[in-house]
Every structure is written in structure tokens, then in C-alpha cells.
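Trainee: The structure that follows is given in the form of C-alpha cells.
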Amino acid sequence: MDISSQEEHMIQALREVALPPLFVLIRIRNDILNDTVNIEEGRRNELVNTLEHYIAPLWEDYHQEKNSRAKEGPSSPE
């Protein structure tokens, strides 16, 4: 997949602030989904579907981890 220099700079900026990968993927997905000016509809749908394919398992893992931490309760200081 070809990426523009603008997209490359955005990816680099997101890496530099050390954001969680799930957050980055969701943010990029939303930006692409809402970019009706620079990305044609067919290409936009293709990119969003690809990103959603990668986001889904990460989102499930996030919720499983969150639920397991909630079941364990707060950790007690030693």
C-alpha cells in the first residue's frame, strides 16, 4: 500500500508520543473514515475495512484484560 508523505509524518508523530497501538489504529481509522475530501469513497472503505480487521482482535484483548483486572479487584499495597 502506498502512503503519502503526510501519512508517513502522521505515523511517525504517533510513534514518537508512544501511544498504545490500539489507540493509534482507531485514530487513523476515524481520520480516514471522516476524510471525504482527500480519499475517494472506494479507497476509504477499503482502508477502513482493513484497519477494522486489525483492530477487532486488539479490541477483544483489551476488553478481556480490562475484565480480568476488574475481577481481581484493586491490588493491595505490600
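Within each chain, counting starts at residue 1; across the C-alpha cells, chains are named A, B, ... in the order shown, with ligands numbered 1 upward in that order.
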Taking the backbone alone, and naming residues the way the document does, which bits of chain A are alpha helix (DSSP H) by DSSP, as an mmCIF file with C-alpha atoms, in the first residue's frame?

Mentor:
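Saved the output as out.cif:
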```
data_model
loop_
_atom_site.group_PDB
_atom_site.id
_atom_site.type_symbol
_atom_site.label_atom_id
_atom_site.label_comp_id
_atom_site.auth_asym_id
_atom_site.auth_seq_id
_atom_site.Cartn_x
_atom_site.Cartn_y
_atom_site.Cartn_z
ATOM 1 C CA SER A 5 4.407 11.850 2.924
ATOM 2 C CA GLN A 6 1.661 13.420 5.055
ATOM 3 C CA GLU A 7 0.541 9.961 6.218
ATOM 4 C CA GLU A 8 4.145 8.997 6.897
ATOM 5 C CA HIS A 9 4.636 12.098 9.070
ATOM 6 C CA MET A 10 1.405 11.353 10.961
ATOM 7 C CA ILE A 11 2.509 7.780 11.661
ATOM 8 C CA GLN A 12 5.925 8.998 12.824
ATOM 9 C CA ALA A 13 4.323 11.569 15.145
ATOM 10 C CA LEU A 14 2.047 8.935 16.672
ATOM 11 C CA ARG A 15 5.038 6.647 17.272
ATOM 12 C CA GLU A 16 7.043 9.419 18.918
ATOM 13 C CA PRO A 21 -1.249 0.672 19.162
ATOM 14 C CA LEU A 22 -4.991 0.191 19.586
ATOM 15 C CA PHE A 23 -5.487 3.926 20.106
ATOM 16 C CA VAL A 24 -3.365 4.716 17.058
ATOM 17 C CA LEU A 25 -5.262 2.290 14.815
ATOM 18 C CA ILE A 26 -8.635 3.618 15.951
ATOM 19 C CA ARG A 27 -7.498 7.219 15.495
ATOM 20 C CA ILE A 28 -6.212 6.537 11.975
ATOM 21 C CA ARG A 29 -9.392 4.622 11.111
ATOM 22 C CA ASN A 30 -11.560 7.518 12.261
ATOM 23 C CA ASP A 31 -9.460 10.085 10.414
ATOM 24 C CA ILE A 32 -9.681 8.087 7.185
ATOM 25 C CA LEU A 33 -13.401 7.441 7.628
ATOM 26 C CA ASN A 34 -14.067 11.171 8.023
ATOM 27 C CA GLU A 41 -15.014 6.581 -1.251
ATOM 28 C CA GLY A 42 -13.945 3.179 -2.592
ATOM 29 C CA ARG A 43 -10.395 3.598 -1.315
ATOM 30 C CA ARG A 44 -11.657 4.947 2.010
ATOM 31 C CA ASN A 45 -13.910 1.917 2.523
ATOM 32 C CA GLU A 46 -11.057 -0.431 1.633
ATOM 33 C CA LEU A 47 -8.716 1.224 4.142
ATOM 34 C CA VAL A 48 -11.326 1.321 6.912
ATOM 35 C CA ASN A 49 -12.196 -2.351 6.417
ATOM 36 C CA THR A 50 -8.501 -3.310 6.531
ATOM 37 C CA LEU A 51 -7.944 -1.326 9.713
ATOM 38 C CA GLU A 52 -11.056 -2.805 11.330
ATOM 39 C CA HIS A 53 -9.675 -6.272 10.549
ATOM 40 C CA TYR A 54 -6.592 -5.448 12.647
ATOM 41 C CA ILE A 55 -8.458 -3.511 15.344
ATOM 42 C CA ALA A 56 -11.027 -6.208 16.177
ATOM 43 C CA PRO A 57 -8.656 -8.721 17.861
ATOM 44 C CA LEU A 58 -6.832 -5.947 19.736
ATOM 45 C CA TRP A 59 -10.148 -4.552 20.948
ATOM 46 C CA GLU A 60 -11.208 -8.015 22.201
ATOM 47 C CA ASP A 61 -7.879 -8.464 24.000
ATOM 48 C CA TYR A 62 -8.225 -5.020 25.579
ATOM 49 C CA HIS A 63 -11.671 -5.853 26.973
ATOM 50 C CA GLN A 64 -10.600 -9.291 28.191
ATOM 51 C CA GLU A 65 -7.664 -7.771 30.046
ATOM 52 C CA LYS A 66 -9.849 -4.984 31.437
ATOM 53 C CA ASN A 67 -12.451 -7.506 32.651
ATOM 54 C CA SER A 68 -9.843 -9.775 34.236
ATOM 55 C CA ARG A 69 -8.355 -6.805 36.135
ATOM 56 C CA ALA A 70 -11.833 -5.807 37.329
ATOM 57 C CA LYS A 71 -12.477 -9.335 38.643
ATOM 58 C CA GLU A 72 -9.175 -9.341 40.516
#
```
